[in-house]
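Chemist: Once you've had a glance at the structure underneath, I'll fire off some questions.
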Amino acid sequence: LPEQKPLIEDIEAKVILKVENNISTDHILPAGAKVLPFRSDIPKISEFTFGSIDPDFYKKAKEAGVGVVVGGENYGQGSSREHAALAPKYLGIVAIIAKSFARIHKANLINFGIVPLTFDNPADYDLINGSDIIKIPNIREQIKENLINIEASVSDKKIILKLDVSYNDREQLIAGGKLAFIK
């Protein structure tokens, strides 16, 4: 596993990918004979991340260093594959902003230190383009203060995002994921 470092103080990240509704863990990281041999090789398996949606996702994420994915309703539905959270984390994805999350995938995102944010106003999804910069100042402090409403900006527009997680989940996110939290 890659080292799980504490959450950065401020998020200023490029939207690496914007996806529609019902993105499954198979869309995020496919299963099958092509990928399975690399299951324990996180750098190699990450090369397949979102490959069926955007074959250049891996390259874009690596170039950006820090990134965000934007999704529609029911993001992460399907199997409970934890590699669908682990591979994006390895590629520098710090947050997923979606209209809603599948329950198990949301838990996996938290376990690997990816902040699962939802839109306060689902129409704000339409304000974001695939190459915008998302800014969330003081994300660590906003999480520490147990805020549900998280202030963010996209280009020159302000939006409100929700972080609906438990106190322990917040502590895990700040620490950088479950393994960092339990040290």
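Ligands are numbered from 1 in the order shown, chains are lettered A, B, ... in the order of the structure tokens, and residues start at 1 in each chain.
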Just asking: which residues within range 40-152 of chain A are helix (DSSP H, G or I) according to DSSP, as number ranges by chain?
Modeler: A: 42-48, 57-64, 83-90, 103-111, 122-127, 139-144
Chemist: Could you build a table of the residues in range 19-49 of chain A lying no more than 7 Å from range 69-88 of chain A, giving for each the nearest pair of atoms and their separation in Å rounded to one decimal place, using only C-alpha atoms, ordered by chain and ascending residue number, as a tab-separated table?
Modeler:
residue	atom	partner	partner_atom	distance
A:Val19	CA	A:Gly71	CA	4.8
A:Glu20	CA	A:Gly72	CA	4.8
A:Asn21	CA	A:Gly72	CA	4.2
A:Asn22	CA	A:Asn74	CA	5.0
A:Ile23	CA	A:Tyr75	CA	5.1
A:Ser24	CA	A:Gln77	CA	4.6
A:Thr25	CA	A:Gly76	CA	5.1
A:Ile28	CA	A:Ala84	CA	5.7
A:Leu29	CA	A:Ala84	CA	5.2
A:Ile42	CA	A:Ala87	CA	6.5
A:Ile45	CA	A:Ala87	CA	6.9
A:Ser46	CA	A:Ala87	CA	4.7
A:Thr49	CA	A:Ala87	CA	6.7
Chemist: Fewer than 5 positions away in the same chain doesn't count, so skip those; otherwise give me all residues within 6 Å of Val68 in chain A, counting only C-alpha atoms, as a ChimeraX atom specification.
Modeler: /A:15-16,93,95-96
Chemist: With all heavy atoms retained, write the just-selected residues as a PDB file, in the first residue's frame.
Modeler:
ATOM      1  N   VAL A  15      -9.951  19.085 -11.881  1.00  0.00           N
ATOM      2  CA  VAL A  15     -10.932  18.026 -12.109  1.00  0.00           C
ATOM      3  C   VAL A  15     -10.342  17.130 -13.190  1.00  0.00           C
ATOM      4  O   VAL A  15     -10.224  17.531 -14.341  1.00  0.00           O
ATOM      5  CB  VAL A  15     -12.303  18.587 -12.554  1.00  0.00           C
ATOM      6  CG1 VAL A  15     -13.261  17.455 -12.882  1.00  0.00           C
ATOM      7  CG2 VAL A  15     -12.889  19.495 -11.478  1.00  0.00           C
ATOM      8  N   ILE A  16      -9.933  15.940 -12.789  1.00  0.00           N
ATOM      9  CA  ILE A  16      -9.308  15.014 -13.726  1.00  0.00           C
ATOM     10  C   ILE A  16     -10.362  14.352 -14.604  1.00  0.00           C
ATOM     11  O   ILE A  16     -10.120  14.062 -15.773  1.00  0.00           O
ATOM     12  CB  ILE A  16      -8.493  13.928 -12.983  1.00  0.00           C
ATOM     13  CG1 ILE A  16      -7.508  14.556 -12.003  1.00  0.00           C
ATOM     14  CG2 ILE A  16      -7.782  13.008 -13.961  1.00  0.00           C
ATOM     15  CD1 ILE A  16      -6.444  15.424 -12.634  1.00  0.00           C
ATOM     16  N   ILE A  93      -5.764  11.407  -6.218  1.00  0.00           N
ATOM     17  CA  ILE A  93      -7.134  11.902  -6.067  1.00  0.00           C
ATOM     18  C   ILE A  93      -7.379  12.148  -4.583  1.00  0.00           C
ATOM     19  O   ILE A  93      -7.259  11.234  -3.763  1.00  0.00           O
ATOM     20  CB  ILE A  93      -8.165  10.904  -6.653  1.00  0.00           C
ATOM     21  CG1 ILE A  93      -7.890  10.662  -8.137  1.00  0.00           C
ATOM     22  CG2 ILE A  93      -9.596  11.404  -6.415  1.00  0.00           C
ATOM     23  CD1 ILE A  93      -7.904  11.900  -9.024  1.00  0.00           C
ATOM     24  N   ALA A  95     -10.247  14.024  -3.441  1.00  0.00           N
ATOM     25  CA  ALA A  95     -11.673  14.142  -3.154  1.00  0.00           C
ATOM     26  C   ALA A  95     -12.480  13.653  -4.345  1.00  0.00           C
ATOM     27  O   ALA A  95     -12.051  13.776  -5.496  1.00  0.00           O
ATOM     28  CB  ALA A  95     -12.054  15.588  -2.831  1.00  0.00           C
ATOM     29  N   ILE A  96     -13.640  13.108  -4.022  1.00  0.00           N
ATOM     30  CA  ILE A  96     -14.658  12.811  -5.022  1.00  0.00           C
ATOM     31  C   ILE A  96     -15.845  13.684  -4.651  1.00  0.00           C
ATOM     32  O   ILE A  96     -16.282  13.688  -3.497  1.00  0.00           O
ATOM     33  CB  ILE A  96     -15.100  11.322  -4.998  1.00  0.00           C
ATOM     34  CG1 ILE A  96     -13.914  10.366  -5.078  1.00  0.00           C
ATOM     35  CG2 ILE A  96     -16.137  11.062  -6.092  1.00  0.00           C
ATOM     36  CD1 ILE A  96     -13.206  10.308  -6.401  1.00  0.00           C
TER      37      ILE A  96
END
Chemist: Show which residues sit within 9 Å of Leu7 in chain A, as a list in words. Count only C-alpha atoms, and ignore same-chain residues fewer than 2 positions away.
Modeler: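 The neighbour list is Gln4, Lys5, Glu9, Asp10, Val94, Gly113, Ile114, Val115, Ile139, Arg140, Leu173, Ile174, Ala175, Gly176 and Gly177 of chain A.
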Chemist: Considering only C-alpha atoms, return as a list in words whatever protein or nucleic-acid residues lie within 12 Å of Asp126 in chain A, sequence-local ones (same chain, fewer than 3 positions apart) excluded.
Modeler: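 Within the cut-off, the hits are Lys18, Val19, Glu20, Val70, Gly71, Gly72, Ala98, Lys99, Phe119, Asn121, Pro122, Ala123, Asn129, Gly130, Asp132, Val154, Lys157 and Ile159 of chain A.
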Chemist: Restricted to all heavy atoms, what would the selected residues look like written as a compact mmCIF listing (two decimals), in the first residue's frame?
Modeler:
# COMPACT_ATOMS: atom_id res chain seq x y z
N LYS A 18 -14.94 14.06 -15.07
CA LYS A 18 -16.33 14.27 -14.67
C LYS A 18 -17.14 13.14 -15.30
O LYS A 18 -17.07 12.92 -16.51
CB LYS A 18 -16.84 15.63 -15.15
CG LYS A 18 -18.27 15.91 -14.72
CD LYS A 18 -18.73 17.28 -15.20
CE LYS A 18 -20.18 17.52 -14.82
NZ LYS A 18 -20.64 18.84 -15.31
N VAL A 19 -17.89 12.42 -14.46
CA VAL A 19 -18.66 11.26 -14.92
C VAL A 19 -20.13 11.44 -14.61
O VAL A 19 -20.51 12.29 -13.79
CB VAL A 19 -18.12 9.95 -14.30
CG1 VAL A 19 -16.72 9.65 -14.81
CG2 VAL A 19 -18.14 10.00 -12.78
N GLU A 20 -20.94 10.62 -15.25
CA GLU A 20 -22.40 10.68 -15.10
C GLU A 20 -22.87 9.87 -13.88
O GLU A 20 -22.08 9.55 -13.01
CB GLU A 20 -23.05 10.16 -16.39
CG GLU A 20 -22.69 10.95 -17.64
CD GLU A 20 -23.25 12.36 -17.63
OE1 GLU A 20 -24.35 12.57 -17.08
OE2 GLU A 20 -22.58 13.26 -18.18
N VAL A 70 -15.40 14.25 -10.31
CA VAL A 70 -16.77 14.71 -10.10
C VAL A 70 -17.71 13.67 -10.67
O VAL A 70 -17.51 13.20 -11.80
CB VAL A 70 -17.00 16.09 -10.77
CG1 VAL A 70 -18.45 16.53 -10.65
CG2 VAL A 70 -16.07 17.13 -10.15
N GLY A 71 -18.73 13.31 -9.88
CA GLY A 71 -19.66 12.27 -10.31
C GLY A 71 -21.11 12.64 -10.10
O GLY A 71 -21.43 13.58 -9.36
N GLY A 72 -21.97 11.86 -10.71
CA GLY A 72 -23.41 12.05 -10.57
C GLY A 72 -23.97 11.26 -9.40
O GLY A 72 -23.31 11.08 -8.38
N ALA A 98 -19.69 14.21 -5.64
CA ALA A 98 -20.76 13.52 -6.38
C ALA A 98 -22.12 13.97 -5.86
O ALA A 98 -22.23 14.58 -4.80
CB ALA A 98 -20.61 12.00 -6.21
N LYS A 99 -23.14 13.65 -6.65
CA LYS A 99 -24.51 13.92 -6.19
C LYS A 99 -24.88 12.97 -5.05
O LYS A 99 -25.56 13.36 -4.12
CB LYS A 99 -25.49 13.79 -7.35
CG LYS A 99 -25.34 14.89 -8.39
CD LYS A 99 -26.35 14.72 -9.51
CE LYS A 99 -26.18 15.79 -10.57
NZ LYS A 99 -27.16 15.61 -11.67
N PHE A 119 -22.87 17.43 -3.40
CA PHE A 119 -23.34 18.78 -3.71
C PHE A 119 -24.51 19.12 -2.80
O PHE A 119 -25.46 18.35 -2.68
CB PHE A 119 -23.82 18.86 -5.16
CG PHE A 119 -22.73 18.70 -6.18
CD1 PHE A 119 -22.52 17.49 -6.81
CD2 PHE A 119 -21.92 19.78 -6.52
CE1 PHE A 119 -21.52 17.34 -7.76
CE2 PHE A 119 -20.91 19.64 -7.46
CZ PHE A 119 -20.72 18.42 -8.08
N ASN A 121 -26.42 21.62 -3.53
CA ASN A 121 -27.37 21.85 -4.61
C ASN A 121 -26.93 20.98 -5.79
O ASN A 121 -25.93 21.30 -6.44
CB ASN A 121 -27.38 23.33 -5.01
CG ASN A 121 -28.29 23.62 -6.18
OD1 ASN A 121 -28.96 22.74 -6.72
ND2 ASN A 121 -28.33 24.87 -6.59
N PRO A 122 -27.66 19.89 -6.08
CA PRO A 122 -27.24 19.00 -7.16
C PRO A 122 -27.05 19.70 -8.52
O PRO A 122 -26.28 19.23 -9.34
CB PRO A 122 -28.37 17.96 -7.22
CG PRO A 122 -28.95 17.97 -5.84
CD PRO A 122 -28.84 19.40 -5.37
N ALA A 123 -27.70 20.83 -8.72
CA ALA A 123 -27.55 21.57 -9.98
C ALA A 123 -26.13 22.13 -10.14
O ALA A 123 -25.70 22.42 -11.26
CB ALA A 123 -28.58 22.70 -10.06
N ASN A 129 -16.78 21.80 -15.18
CA ASN A 129 -16.28 21.21 -16.42
C ASN A 129 -15.10 20.29 -16.10
O ASN A 129 -14.49 20.39 -15.04
CB ASN A 129 -15.85 22.30 -17.41
CG ASN A 129 -17.02 23.15 -17.84
OD1 ASN A 129 -18.05 22.64 -18.26
ND2 ASN A 129 -16.88 24.45 -17.71
N GLY A 130 -14.78 19.46 -17.05
CA GLY A 130 -13.76 18.44 -16.86
C GLY A 130 -12.35 18.91 -16.60
O GLY A 130 -11.52 18.13 -16.19
N ASP A 132 -11.75 22.08 -14.87
CA ASP A 132 -11.79 23.17 -13.90
C ASP A 132 -10.85 22.89 -12.73
O ASP A 132 -10.45 21.75 -12.48
CB ASP A 132 -13.21 23.34 -13.34
CG ASP A 132 -14.14 24.08 -14.30
OD1 ASP A 132 -13.64 24.81 -15.18
OD2 ASP A 132 -15.37 23.92 -14.17
N VAL A 154 -15.30 26.97 -7.77
CA VAL A 154 -14.98 26.42 -9.09
C VAL A 154 -14.93 27.62 -10.01
O VAL A 154 -15.93 28.32 -10.17
CB VAL A 154 -16.07 25.44 -9.58
CG1 VAL A 154 -15.70 24.88 -10.93
CG2 VAL A 154 -16.33 24.35 -8.57
N LYS A 157 -17.02 30.76 -9.26
CA LYS A 157 -18.31 30.44 -8.63
C LYS A 157 -18.10 29.77 -7.28
O LYS A 157 -17.29 28.87 -7.14
CB LYS A 157 -19.12 29.51 -9.53
CG LYS A 157 -19.36 30.05 -10.92
CD LYS A 157 -19.89 28.93 -11.82
CE LYS A 157 -19.57 29.19 -13.24
NZ LYS A 157 -18.27 28.69 -13.68
N ILE A 159 -19.55 27.35 -4.35
CA ILE A 159 -20.52 26.28 -4.16
C ILE A 159 -20.38 25.73 -2.74
O ILE A 159 -19.35 25.90 -2.10
CB ILE A 159 -20.36 25.13 -5.20
CG1 ILE A 159 -18.99 24.47 -5.10
CG2 ILE A 159 -20.63 25.63 -6.61
CD1 ILE A 159 -18.84 23.23 -5.98
Chemist: Could you pull the residues within 10 Å of Pro43 in chain A, counting only C-alpha atoms, minus those fewer than 3 positions along the same chain, as a list of chain:residue names?
Modeler: A:Leu1, A:Pro2, A:Phe38, A:Arg39, A:Ser40, A:Ser46, A:Glu47, A:Phe48, A:Ala87, A:Tyr90, A:Leu91
Chemist: Grab the residues selected above and save them as a PDB file, in the first residue's frame with N, CA and C atoms.
Modeler:
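Done, and the output landed in again.pdb:
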ATOM      1  N   LEU A   1       0.833  -1.191   0.000  1.00  0.00           N
ATOM      2  CA  LEU A   1       0.000   0.000   0.000  1.00  0.00           C
ATOM      3  C   LEU A   1       0.872   1.246   0.000  1.00  0.00           C
ATOM      4  N   PRO A   2       0.432   2.284  -0.688  1.00  0.00           N
ATOM      5  CA  PRO A   2       1.191   3.533  -0.621  1.00  0.00           C
ATOM      6  C   PRO A   2       1.078   4.124   0.781  1.00  0.00           C
ATOM      7  N   PHE A  38      -2.354  -8.266 -11.498  1.00  0.00           N
ATOM      8  CA  PHE A  38      -1.628  -7.154 -10.874  1.00  0.00           C
ATOM      9  C   PHE A  38      -2.247  -6.710  -9.554  1.00  0.00           C
ATOM     10  N   ARG A  39      -3.172  -7.489  -9.013  1.00  0.00           N
ATOM     11  CA  ARG A  39      -3.954  -7.093  -7.842  1.00  0.00           C
ATOM     12  C   ARG A  39      -3.100  -6.542  -6.701  1.00  0.00           C
ATOM     13  N   SER A  40      -1.939  -7.103  -6.448  1.00  0.00           N
ATOM     14  CA  SER A  40      -1.108  -6.629  -5.335  1.00  0.00           C
ATOM     15  C   SER A  40      -0.072  -5.589  -5.764  1.00  0.00           C
ATOM     16  N   SER A  46      -3.108   0.754 -10.934  1.00  0.00           N
ATOM     17  CA  SER A  46      -3.636   2.114 -11.086  1.00  0.00           C
ATOM     18  C   SER A  46      -3.652   2.564 -12.543  1.00  0.00           C
ATOM     19  N   GLU A  47      -2.847   1.926 -13.385  1.00  0.00           N
ATOM     20  CA  GLU A  47      -2.843   2.274 -14.811  1.00  0.00           C
ATOM     21  C   GLU A  47      -4.180   1.980 -15.485  1.00  0.00           C
ATOM     22  N   PHE A  48      -5.003   1.139 -14.868  1.00  0.00           N
ATOM     23  CA  PHE A  48      -6.297   0.773 -15.436  1.00  0.00           C
ATOM     24  C   PHE A  48      -7.441   1.655 -14.924  1.00  0.00           C
ATOM     25  N   ALA A  87      -6.648   2.672  -5.903  1.00  0.00           N
ATOM     26  CA  ALA A  87      -5.946   3.115  -7.118  1.00  0.00           C
ATOM     27  C   ALA A  87      -6.075   4.623  -7.340  1.00  0.00           C
ATOM     28  N   TYR A  90      -3.742   6.364  -4.942  1.00  0.00           N
ATOM     29  CA  TYR A  90      -2.360   6.250  -5.407  1.00  0.00           C
ATOM     30  C   TYR A  90      -2.062   7.310  -6.473  1.00  0.00           C
ATOM     31  N   LEU A  91      -3.062   7.630  -7.301  1.00  0.00           N
ATOM     32  CA  LEU A  91      -2.883   8.592  -8.392  1.00  0.00           C
ATOM     33  C   LEU A  91      -3.052  10.052  -7.949  1.00  0.00           C
TER      34      LEU A  91
END
Chemist: Restricting the calculation to only C-alpha atoms, which member of A:His105, A:Lys59, A:Asp124, A:Leu117 is positioned closest to Ile150 in chain A?
Modeler: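 Going through A:His105, A:Lys59, A:Asp124, A:Leu117 one by one, the smallest distance to Ile150 in chain A is for A:Leu117.
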Chemist: Mind giving me the straight-line distance from CA of Glu145 in chain A to CA of Asp164 in chain A in Å, one decimal?
Modeler: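 About the pair CA of Glu145 in chain A and CA of Asp164 in chain A: they are 13.0 Å apart.
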Chemist: Which residue gives the smallest distance to Phe112 in chain A among A:Ile8, A:Ile134, A:Leu163, A:Leu179, with only C-alpha atoms counted?
Modeler: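 With only C-alpha atoms as the atom set, the closest residue is A:Leu179.
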Chemist: What is the distance between CA of Thr118 in chain A and CA of Ser155 in chain A, in Å to one decimal?
Modeler: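 Distance reported for this atom pair: 18.2 Å.
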Chemist: Going by DSSP on the backbone, which bits of chain A are strand (DSSP E or B)? Write them as an MDAnalysis selection string, please.
Modeler: chainID A and resid 11:18 24 67:71 75 77 93:98 101 115:119 133:136 149:154 157:162
Chemist: So how many Å separate CA of Ile104 in chain A and CA of Pro116 in chain A, to one decimal?
Modeler: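 For CA of Ile104 in chain A relative to CA of Pro116 in chain A, the distance reads 11.9 Å.
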Chemist: Which of these, A:Lys34, A:Lys14, A:His27, A:Lys106, has the shortest distance to Gly67 in chain A once you count only C-alpha atoms?
Modeler: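 Smallest distance to Gly67 in chain A is found for A:Lys14.
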